[in-house]
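Peer 1: First, the structure itself, so that you have it in front of you.
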Amino acid sequence: MSTLQPTRDVDRLTDELCDALLTPKSREEMQRLLRDLCTPSELRALAERWHVARLLDRTDLSYREIHDGTGVSTTTIVRVGRFLRQEPNQGYRRAIDALEVESVG
């Protein structure tokens, strides 16, 4: 019998989600997991934030130009920019740098 019990502990839930997100071995497996896990609008929001982070990091486009080209709200663009450049998590930074190293290597 499983010891899994219902919880509202956001840290535990986040840890378990991270463990699940680490299981796919290919892009296709990750796509299947994300499509099961997220609604289409949630998946689109995640993909848009990732795209905005890369645009902010790799281009000289203004927030307005990014908004005009993507349709992403300027509020979201500002938030992504803040997390990319100022917040201590550095999740965007690490992922962008890791993918750059993979493409070079």
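Labels used: A, B, ... for chains in the order of the structure tokens, numbers from 1 for residues in each chain, and numbers from 1 for ligands as shown.
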Skip region 36-45 of chain A itself and residues of its chain fewer than 6 positions away, then list as a list in words all residues within 12 Å of it, counting only C-alpha atoms.

Peer 2: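 Everything that qualifies: Leu17, Ala20, Leu21, Glu29, Met30, His51, Val52, Thr70, Gly71, Val72, Ser73, Thr76, Ile77 and Val80 of chain A.
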
Peer 1: Which residues are near Phe83 (chain A)? Cut-off 12 Å, only C-alpha atoms, ignore same chain within fewer than 4 positions. Put them as a list of chain:residue names.

Peer 2: A:Arg49, A:Trp50, A:Val52, A:Ala53, A:Leu56, A:Asp57, A:Thr76, A:Ile77, A:Val78, A:Arg79, A:Glu87, A:Pro88, A:Asn89, A:Gln90, A:Gly91, A:Tyr92, A:Arg93, A:Arg94
